[in-house]
Every structure is written in structure tokens, then in C-alpha cells.
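Okay, entry.txt is below, compact mmCIF, C-alpha atoms:
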# COMPACT_ATOMS: atom_id res chain seq x y z
CA MET A 829 -47.59 -34.13 -2.31
CA ASP A 830 -45.78 -36.94 -0.51
CA SER A 831 -46.12 -39.34 -3.44
CA LEU A 832 -44.78 -36.75 -5.90
CA TYR A 833 -41.93 -35.95 -3.52
CA HIS A 834 -40.90 -39.61 -3.22
CA GLN A 835 -41.23 -40.05 -6.97
CA THR A 836 -38.95 -37.07 -7.58
CA ASN A 837 -36.46 -38.26 -4.98
CA LYS A 838 -36.40 -41.67 -6.72
CA LEU A 839 -35.64 -39.93 -10.02
CA LEU A 840 -32.71 -38.14 -8.39
CA GLN A 841 -31.23 -41.45 -7.29
CA ASP A 842 -31.70 -42.87 -10.80
CA VAL A 843 -29.95 -39.88 -12.33
CA HIS A 844 -26.98 -40.39 -10.01
CA GLY A 845 -26.55 -43.89 -11.36
CA ASP A 846 -27.12 -42.85 -14.97
CA LEU A 847 -24.45 -40.13 -14.65
CA GLY A 848 -21.91 -42.75 -13.59
CA ARG A 849 -22.91 -44.91 -16.56
CA TYR A 850 -22.67 -41.89 -18.86
CA GLU A 851 -19.18 -41.06 -17.59
CA ARG A 852 -18.01 -44.62 -18.23
CA SER A 853 -19.43 -44.51 -21.76
CA LEU A 854 -17.72 -41.29 -22.83
CA GLY A 855 -16.38 -41.79 -26.33
CA ASP A 856 -18.73 -44.70 -27.08
CA GLU A 857 -21.43 -44.55 -29.72
CA ASP A 858 -24.28 -44.84 -27.20
CA SER A 859 -23.01 -41.99 -25.00
CA HIS A 860 -25.33 -39.54 -26.78
CA LEU A 861 -28.34 -41.72 -26.00
CA ILE A 862 -27.44 -41.94 -22.32
CA GLU A 863 -26.88 -38.16 -22.24
CA ASN A 864 -30.33 -37.54 -23.70
CA GLU A 865 -31.91 -39.89 -21.17
CA VAL A 866 -30.20 -38.14 -18.26
CA GLN A 867 -31.22 -34.70 -19.54
CA ALA A 868 -34.83 -35.87 -19.92
CA GLN A 869 -34.84 -37.17 -16.34
CA ILE A 870 -33.45 -33.87 -15.05
CA ASP A 871 -36.11 -31.96 -16.96
CA HIS A 872 -38.73 -34.20 -15.40
CA ILE A 873 -37.30 -33.48 -11.92
CA ILE A 874 -37.42 -29.73 -12.59
CA SER A 875 -41.05 -30.02 -13.66
CA ASN A 876 -41.90 -31.99 -10.51
CA CYS A 877 -40.20 -29.35 -8.35
CA GLU A 878 -42.35 -26.66 -9.93
CA ARG A 879 -45.45 -28.66 -9.13
CA LEU A 880 -44.19 -29.25 -5.59
CA ASP A 881 -43.78 -25.49 -5.10
CA ILE A 882 -47.46 -25.11 -5.82
CA LEU A 883 -48.42 -27.96 -3.52
CA VAL A 884 -46.30 -26.54 -0.69
CA MET A 885 -48.49 -23.43 -0.60
CA LYS A 886 -51.51 -25.69 -0.11
CA GLU A 887 -50.01 -27.46 2.91
CA PRO A 888 -51.17 -26.54 6.43
CA PRO A 889 -49.08 -23.79 8.02
CA ALA A 890 -47.64 -26.23 10.54
CA ARG A 891 -46.20 -28.46 7.80
CA ARG A 892 -45.48 -25.79 5.19
CA SER A 893 -42.00 -24.83 6.45
CA ASN A 894 -40.80 -28.45 6.61
CA ALA A 895 -42.29 -29.22 3.18
CA LYS A 896 -40.61 -26.17 1.66
CA GLN A 897 -37.22 -27.23 3.04
CA ARG A 898 -37.63 -30.69 1.50
CA VAL A 899 -38.53 -29.19 -1.89
CA ASP A 900 -35.59 -26.75 -1.72
CA GLN A 901 -33.29 -29.71 -1.04
CA LEU A 902 -34.66 -31.43 -4.14
CA LYS A 903 -33.95 -28.28 -6.18
CA TYR A 904 -30.41 -28.08 -4.85
CA ASP A 905 -29.74 -31.73 -5.69
CA CYS A 906 -31.21 -31.20 -9.15
CA GLN A 907 -28.92 -28.20 -9.78
CA HIS A 908 -25.94 -30.25 -8.67
CA LEU A 909 -26.89 -33.03 -11.10
CA GLN A 910 -27.31 -30.51 -13.93
CA SER A 911 -23.85 -29.10 -13.21
CA SER A 912 -22.33 -32.59 -13.20
CA LEU A 913 -23.99 -33.34 -16.53
CA ARG A 914 -22.56 -30.19 -18.07
CA GLN A 915 -19.07 -31.10 -16.88
CA LEU A 916 -19.39 -34.55 -18.42
CA GLN A 917 -20.70 -33.03 -21.65
CA HIS A 918 -17.63 -30.82 -21.79
CA LYS A 919 -15.36 -33.82 -21.21
CA ARG A 920 -17.15 -35.69 -23.99
CA TYR A 921 -16.76 -32.75 -26.35
CA VAL A 922 -13.03 -32.47 -25.60
CA LYS A 923 -12.54 -36.22 -26.01
CA GLU A 924 -14.39 -36.26 -29.33
CA LEU A 925 -12.34 -33.29 -30.54
CA GLU A 926 -9.10 -35.05 -29.61
CA THR A 927 -10.28 -38.17 -31.43
CA GLN A 928 -11.12 -36.18 -34.56
CA GLU A 929 -7.76 -34.42 -34.53
CA ARG A 930 -5.92 -37.73 -34.04
CA GLU A 931 -7.84 -39.34 -36.93
CA ALA A 932 -7.20 -36.31 -39.15
CA LEU A 933 -3.48 -36.48 -38.37
CA LEU A 934 -3.31 -40.21 -39.07
CA SER A 935 -5.24 -39.84 -42.32
CA ARG A 936 -3.11 -36.97 -43.64
CA THR A 937 -0.99 -37.87 -46.67
CA PHE A 938 2.42 -36.32 -47.16
CA THR A 939 3.94 -35.75 -50.60
CA THR A 940 7.40 -34.86 -51.87
CA ASN A 941 8.56 -31.28 -52.23
CA ASP A 942 8.35 -31.57 -56.03
CA GLN A 943 4.63 -32.36 -55.90
CA GLU A 944 3.58 -30.07 -53.12
CA SER A 945 5.17 -26.99 -51.61
CA VAL A 946 6.33 -27.26 -48.04
CA MET A 947 3.83 -25.75 -45.60
CA ILE A 948 5.46 -23.51 -43.05
CA ASP A 949 4.36 -24.05 -39.50
CA PRO A 950 2.05 -21.15 -38.48
CA ALA A 951 3.75 -20.99 -35.12
CA LEU A 952 7.12 -20.50 -36.85
CA GLN A 953 5.65 -17.76 -39.04
CA HIS A 954 4.19 -16.07 -35.98
CA HIS A 955 7.55 -16.28 -34.20
CA SER A 956 9.35 -14.83 -37.22
CA ARG A 957 6.91 -11.94 -37.45
CA LEU A 958 7.30 -11.22 -33.75
CA THR A 959 11.10 -11.26 -34.15
CA ASP A 960 10.89 -8.83 -37.08
CA SER A 961 8.54 -6.58 -35.12
CA HIS A 962 10.92 -6.56 -32.15
CA SER A 963 13.83 -5.72 -34.48
CA HIS A 964 11.90 -2.84 -36.05
CA LEU A 965 10.93 -1.54 -32.63
CA ASP A 966 14.55 -1.70 -31.47
CA ASN A 967 15.62 0.25 -34.57
CA LEU A 968 12.94 2.86 -33.97
CA ILE A 969 13.95 3.20 -30.33
CA SER A 970 17.63 3.54 -31.30
CA HIS A 971 16.79 6.13 -33.96
CA GLY A 972 14.62 8.06 -31.49
CA SER A 973 17.43 8.01 -28.92
CA SER A 974 19.89 9.40 -31.46
CA ILE A 975 17.43 12.16 -32.41
CA ILE A 976 16.96 13.09 -28.75
CA GLY A 977 20.74 13.15 -28.25
CA SER A 978 21.15 15.38 -31.31
CA LEU A 979 18.48 17.73 -30.01
CA ARG A 980 20.25 17.90 -26.65
CA ASP A 981 23.54 18.80 -28.40
CA GLN A 982 21.79 21.46 -30.47
CA ARG A 983 20.21 22.84 -27.33
CA ALA A 984 23.63 23.10 -25.67
CA THR A 985 25.03 24.80 -28.80
CA LEU A 986 22.15 27.27 -28.90
CA LYS A 987 22.66 28.03 -25.21
CA GLY A 988 26.36 28.77 -25.86
CA ALA A 989 25.53 30.98 -28.84
CA HIS A 990 22.91 32.82 -26.80
CA ARG A 991 25.44 33.38 -24.02
CA ARG A 992 28.00 34.74 -26.48
CA ILE A 993 25.41 37.06 -28.01
CA LEU A 994 24.60 38.40 -24.57
CA ASP A 995 28.31 38.94 -23.89
CA ILE A 996 28.73 40.78 -27.18
CA ALA A 997 25.66 42.87 -26.43
CA ASN A 998 27.05 43.74 -23.02
CA THR A 999 30.41 44.60 -24.59
CA LEU A 1000 28.74 46.77 -27.20
CA GLY A 1001 26.76 48.49 -24.47
CA ALA A 1002 29.99 49.29 -22.59
CA SER A 1003 31.65 50.52 -25.82
CA ASN A 1004 28.75 52.83 -26.55
CA THR A 1005 29.04 54.29 -23.07
CA VAL A 1006 32.78 54.92 -23.55
CA MET A 1007 32.20 56.52 -26.95
CA ARG A 1008 29.58 58.83 -25.51
CA LEU A 1009 31.98 59.80 -22.73
CA ILE A 1010 34.72 60.51 -25.28
CA GLU A 1011 32.39 62.59 -27.39
CA ASN A 1012 31.31 64.56 -24.33
CA ARG A 1013 34.94 65.08 -23.33
CA THR A 1014 35.83 66.28 -26.86
CA SER A 1015 33.02 68.82 -26.80
CA GLN A 1016 34.16 70.10 -23.44
CA ASP A 1017 37.76 70.36 -24.68
CA LYS A 1018 36.62 72.41 -27.66
CA ILE A 1019 34.73 74.81 -25.41
CA ILE A 1020 37.75 75.15 -23.10
CA MET A 1021 40.04 75.79 -26.07
CA VAL A 1022 37.73 78.52 -27.43
CA VAL A 1023 37.49 80.15 -24.03
CA CYS A 1024 41.25 80.05 -23.64
CA MET A 1025 41.77 81.60 -27.09
CA VAL A 1026 39.33 84.42 -26.28
CA VAL A 1027 41.03 85.10 -22.95
CA PHE A 1028 44.46 85.09 -24.64
CA CYS A 1029 43.27 87.53 -27.27
CA ILE A 1030 41.89 89.84 -24.61
CA LEU A 1031 45.13 89.66 -22.67
CA MET A 1032 47.17 90.42 -25.82
CA TYR A 1033 44.93 93.38 -26.59
CA LEU A 1034 45.21 94.71 -23.08
CA ALA A 1035 48.99 94.34 -23.18
CA TRP A 1036 49.25 96.16 -26.52
CA ARG A 1037 47.08 98.99 -25.21
CA TYR A 1038 49.22 99.25 -22.06
CA PHE A 1039 52.54 99.42 -23.79
CA THR A 1040 51.42 101.76 -26.48
What do you get writing this file as C-alpha cells?
Amino acid sequence: MDSLYHQTNKLLQDVHGDLGRYERSLGDEDSHLIENEVQAQIDHIISNCERLDILVMKEPPARRSNAKQRVDQLKYDCQHLQSSLRQLQHKRYVKELETQEREALLSRTFTTNDQESVMIDPALQHHSRLTDSHSHLDNLISHGSSIIGSLRDQRATLKGAHRRILDIANTLGASNTVMRLIENRTSQDKIIMVVCMVVFCILMYLAWRYFT
């Protein structure tokens, strides 16, 4: 186990150096080769750590805890190297992309307006569409506000009409009461008149009978 441990630890140190060489070679033609070499070394370290996990279980109990800590440290260092490699791979990808865009821009040929129509910048088109959308939204909001204001005015008008209808209804109710009182008074006056006429006739008859 000790020989495999030292061999794996030596590989870790080699990978540290190769990562520095790989970082310095970013953008060069041989950077892919160095990247493949580093990845192969890391894979070899991972394989050794798996073997060391098996060997740790075969160690005497007195040495097993210390051996496991050493193997765990190797795993941690290996994970750190893998993370560093991924960061460098990302940097290489970004650098290659920038190089491709720069070469594409330098190799682009521009023609006159008579031979080729002018291409509108997509960002300008996007900005124009956003401006139009904002204008339409403002118009919709303004139109909605005017509709709400009109509805409020109509509501106030309907409230006034409803109030007037109630007033008229109350007035009509009072008029009906007065008319009923007048009709009742007229009926009573008729009865009184008839009674008075009957009494007068009786009195005239009695007077005629007395004087004759």
C-alpha cells in the first residue's frame, strides 16, 4: 500500500506542474495535448485511490485510521486538481471563442448599399420593438383610464337619476295620500249635505203642519 500511495502522491505533484504548463499554453496548438495528458493523469490518480480504499480495509486496525486519512487527503487533492482543470478548460474555450469571433470579424467583407442591403443591428431592432411595445402599453393604459373615468361618471349620473326617481316616488306617494283624503272628505260632505236636506225637509213639513 505504501508504494502505491507514494506513486499516487508523485502523480499529484506532476499534475500540479502540468496544470501550470497547460495554463501557460492556453491558445497554443499543443494545449489540447497537454489537457489530455493532465486528464489521463487525474484518471490514473482516481483509479489508484479506488485501489487504496480496498487496501486500507486490509490494514491492521491500529494503522487503518491513519491510512484512511492519508487516502482521503489524496482524494481531496485529486478533486481540487480536477476542479482546476475544468476552470482552465473553460478559460481555453472562452479564449478560443474570442479568437474565432475576432477572425470572423476581420475576415468579413463589406459591400456598397447598391450590391447588398444594409443589415440592421439586431440590438437596434430589439430596442425599437421594445419602444413600440411600451408605446402600445401606454396607449392601452390611457384608454383603460378613460374608460374607467367614463364609467365613474355614468355611475354618478345613475345615482343622481335613482335619487330623483326616489324623490318623485315619494312625492307621488304623498299626492296619493292627499287625493285619498280629499275623496274621503268629499264623501263625508255629500253625506252631511243629504242629512241636512232631509232635516230641512222635515222641519218645513212640521212648520207647514203647525201653521195649517
For this session: For Met829 (chain A), please output as a PyMOL selection string all residues within 12 Å (counting all atoms listed in the file; exclusion window: fewer than 3 positions along the same chain).
Result: chain A and resi 832-836+876-887+891-892+895-896+898-899
For this session: Record the distance separating CA of Ser935 (chain A) and CA of Arg852 (chain A), expressed in Å with one decimal.
Result: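 The value is 27.7 Å.
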Do a neighbour search on region 914-931 of chain A at 9 Å with all atoms listed in the file, toss out local chain neighbours closer than 6 positions, and write the hits as a PDB file with C-alpha atoms, in the frame of the given file.
ATOM      1  CA  LEU A 847     -24.450 -40.130 -14.650  1.00  0.00           C
ATOM      2  CA  TYR A 850     -22.670 -41.890 -18.860  1.00  0.00           C
ATOM      3  CA  GLU A 851     -19.180 -41.060 -17.590  1.00  0.00           C
ATOM      4  CA  LEU A 854     -17.720 -41.290 -22.830  1.00  0.00           C
ATOM      5  CA  GLY A 855     -16.380 -41.790 -26.330  1.00  0.00           C
ATOM      6  CA  SER A 859     -23.010 -41.990 -25.000  1.00  0.00           C
ATOM      7  CA  GLU A 863     -26.880 -38.160 -22.240  1.00  0.00           C
TER       8      GLU A 863
END
Seminar exercise, completed: The distance between CA of Leu909 (chain A) and CA of Gly848 (chain A) is 11.2 Å
For this session: Measure the distance from CA of Gly845 (chain A) to CA of Gln901 (chain A) in Å and round it to one decimal.
Result: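 Taking CA of Gly845 (chain A) as the start and CA of Gln901 (chain A) as the end point, the length is 18.8 Å.
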Problem set entry | Residue with smallest distance to Asp871 (chain A) - pool A:Leu1031, A:Gln907, A:Val1026, A:Asp856, counting all atoms listed in the file |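 Checking each candidate against Asp871 (chain A), we get A:Gln907 as the closest.
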For this session: Have a look at A:Met1025, A:Val843, A:Leu979, A:Leu1034 and name the one nearest to Ile862 (chain A); count only C-alpha atoms.
Result: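 Between A:Met1025, A:Val843, A:Leu979, A:Leu1034, the residue approaching Ile862 (chain A) most closely is A:Val843.
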Can I get region 1017-1028 of chain A with all heavy atoms filled in, as a JSON list (two decimals), in the frame of the given file?
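The result, stored in result-v9.json:
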[["chain", "number", "residue", "atom", "x", "y", "z"],
["A", 1017, "ASP", "N", 36.43, 69.87, -24.34],
["A", 1017, "ASP", "CA", 37.76, 70.36, -24.68],
["A", 1017, "ASP", "C", 37.70, 71.49, -25.71],
["A", 1017, "ASP", "O", 38.46, 72.48, -25.64],
["A", 1017, "ASP", "CB", 38.63, 69.22, -25.21],
["A", 1017, "ASP", "CG", 38.97, 68.20, -24.12],
["A", 1017, "ASP", "OD1", 38.84, 68.55, -22.94],
["A", 1017, "ASP", "OD2", 39.34, 67.05, -24.46],
["A", 1018, "LYS", "N", 36.78, 71.35, -26.66],
["A", 1018, "LYS", "CA", 36.62, 72.41, -27.66],
["A", 1018, "LYS", "C", 36.17, 73.72, -26.99],
["A", 1018, "LYS", "O", 36.67, 74.81, -27.31],
["A", 1018, "LYS", "CB", 35.61, 71.99, -28.72],
["A", 1018, "LYS", "CG", 36.13, 70.93, -29.68],
["A", 1018, "LYS", "CD", 35.07, 70.57, -30.72],
["A", 1018, "LYS", "CE", 35.57, 69.51, -31.69],
["A", 1018, "LYS", "NZ", 34.55, 69.15, -32.69],
["A", 1019, "ILE", "N", 35.22, 73.60, -26.09],
["A", 1019, "ILE", "CA", 34.73, 74.81, -25.41],
["A", 1019, "ILE", "C", 35.86, 75.48, -24.60],
["A", 1019, "ILE", "O", 36.06, 76.70, -24.62],
["A", 1019, "ILE", "CB", 33.54, 74.46, -24.51],
["A", 1019, "ILE", "CG1", 32.34, 74.00, -25.37],
["A", 1019, "ILE", "CG2", 33.14, 75.66, -23.64],
["A", 1019, "ILE", "CD1", 31.19, 73.45, -24.57],
["A", 1020, "ILE", "N", 36.63, 74.61, -23.90],
["A", 1020, "ILE", "CA", 37.75, 75.15, -23.10],
["A", 1020, "ILE", "C", 38.79, 75.84, -24.00],
["A", 1020, "ILE", "O", 39.33, 76.91, -23.69],
["A", 1020, "ILE", "CB", 38.40, 74.02, -22.28],
["A", 1020, "ILE", "CG1", 37.42, 73.51, -21.21],
["A", 1020, "ILE", "CG2", 39.70, 74.49, -21.63],
["A", 1020, "ILE", "CD1", 37.86, 72.28, -20.48],
["A", 1021, "MET", "N", 39.07, 75.20, -25.15],
["A", 1021, "MET", "CA", 40.04, 75.79, -26.07],
["A", 1021, "MET", "C", 39.57, 77.15, -26.58],
["A", 1021, "MET", "O", 40.33, 78.12, -26.64],
["A", 1021, "MET", "CB", 40.28, 74.83, -27.25],
["A", 1021, "MET", "CG", 41.38, 75.31, -28.21],
["A", 1021, "MET", "SD", 41.55, 74.26, -29.65],
["A", 1021, "MET", "CE", 39.98, 74.54, -30.46],
["A", 1022, "VAL", "N", 38.27, 77.25, -26.93],
["A", 1022, "VAL", "CA", 37.73, 78.52, -27.43],
["A", 1022, "VAL", "C", 37.80, 79.59, -26.35],
["A", 1022, "VAL", "O", 38.19, 80.76, -26.59],
["A", 1022, "VAL", "CB", 36.30, 78.33, -27.94],
["A", 1022, "VAL", "CG1", 35.66, 79.67, -28.26],
["A", 1022, "VAL", "CG2", 36.28, 77.42, -29.17],
["A", 1023, "VAL", "N", 37.45, 79.19, -25.14],
["A", 1023, "VAL", "CA", 37.49, 80.15, -24.03],
["A", 1023, "VAL", "C", 38.92, 80.63, -23.80],
["A", 1023, "VAL", "O", 39.20, 81.84, -23.60],
["A", 1023, "VAL", "CB", 36.89, 79.53, -22.77],
["A", 1023, "VAL", "CG1", 37.14, 80.42, -21.56],
["A", 1023, "VAL", "CG2", 35.39, 79.28, -22.94],
["A", 1024, "CYS", "N", 39.85, 79.67, -23.84],
["A", 1024, "CYS", "CA", 41.25, 80.05, -23.64],
["A", 1024, "CYS", "C", 41.76, 80.99, -24.74],
["A", 1024, "CYS", "O", 42.51, 81.97, -24.49],
["A", 1024, "CYS", "CB", 42.13, 78.81, -23.59],
["A", 1024, "CYS", "SG", 41.88, 77.81, -22.10],
["A", 1025, "MET", "N", 41.36, 80.75, -25.98],
["A", 1025, "MET", "CA", 41.77, 81.60, -27.09],
["A", 1025, "MET", "C", 41.20, 83.02, -26.92],
["A", 1025, "MET", "O", 41.89, 84.03, -27.15],
["A", 1025, "MET", "CB", 41.32, 80.98, -28.42],
["A", 1025, "MET", "CG", 42.10, 79.72, -28.81],
["A", 1025, "MET", "SD", 41.47, 78.97, -30.30],
["A", 1025, "MET", "CE", 41.83, 80.25, -31.49],
["A", 1026, "VAL", "N", 39.95, 83.10, -26.47],
["A", 1026, "VAL", "CA", 39.33, 84.42, -26.28],
["A", 1026, "VAL", "C", 40.05, 85.19, -25.17],
["A", 1026, "VAL", "O", 40.37, 86.38, -25.29],
["A", 1026, "VAL", "CB", 37.83, 84.26, -25.99],
["A", 1026, "VAL", "CG1", 37.23, 85.60, -25.57],
["A", 1026, "VAL", "CG2", 37.10, 83.70, -27.21],
["A", 1027, "VAL", "N", 40.33, 84.45, -24.07],
["A", 1027, "VAL", "CA", 41.03, 85.10, -22.95],
["A", 1027, "VAL", "C", 42.42, 85.55, -23.37],
["A", 1027, "VAL", "O", 42.90, 86.67, -23.04],
["A", 1027, "VAL", "CB", 41.09, 84.12, -21.75],
["A", 1027, "VAL", "CG1", 42.01, 84.69, -20.66],
["A", 1027, "VAL", "CG2", 39.69, 83.85, -21.22],
["A", 1028, "PHE", "N", 43.13, 84.71, -24.17],
["A", 1028, "PHE", "CA", 44.46, 85.09, -24.64],
["A", 1028, "PHE", "C", 44.40, 86.32, -25.52],
["A", 1028, "PHE", "O", 45.25, 87.21, -25.42],
["A", 1028, "PHE", "CB", 45.07, 83.89, -25.39],
["A", 1028, "PHE", "CG", 46.44, 84.17, -25.89],
["A", 1028, "PHE", "CD1", 47.54, 84.18, -25.04],
["A", 1028, "PHE", "CD2", 46.64, 84.47, -27.25],
["A", 1028, "PHE", "CE1", 48.81, 84.46, -25.54],
["A", 1028, "PHE", "CE2", 47.90, 84.74, -27.74],
["A", 1028, "PHE", "CZ", 48.99, 84.73, -26.89]]
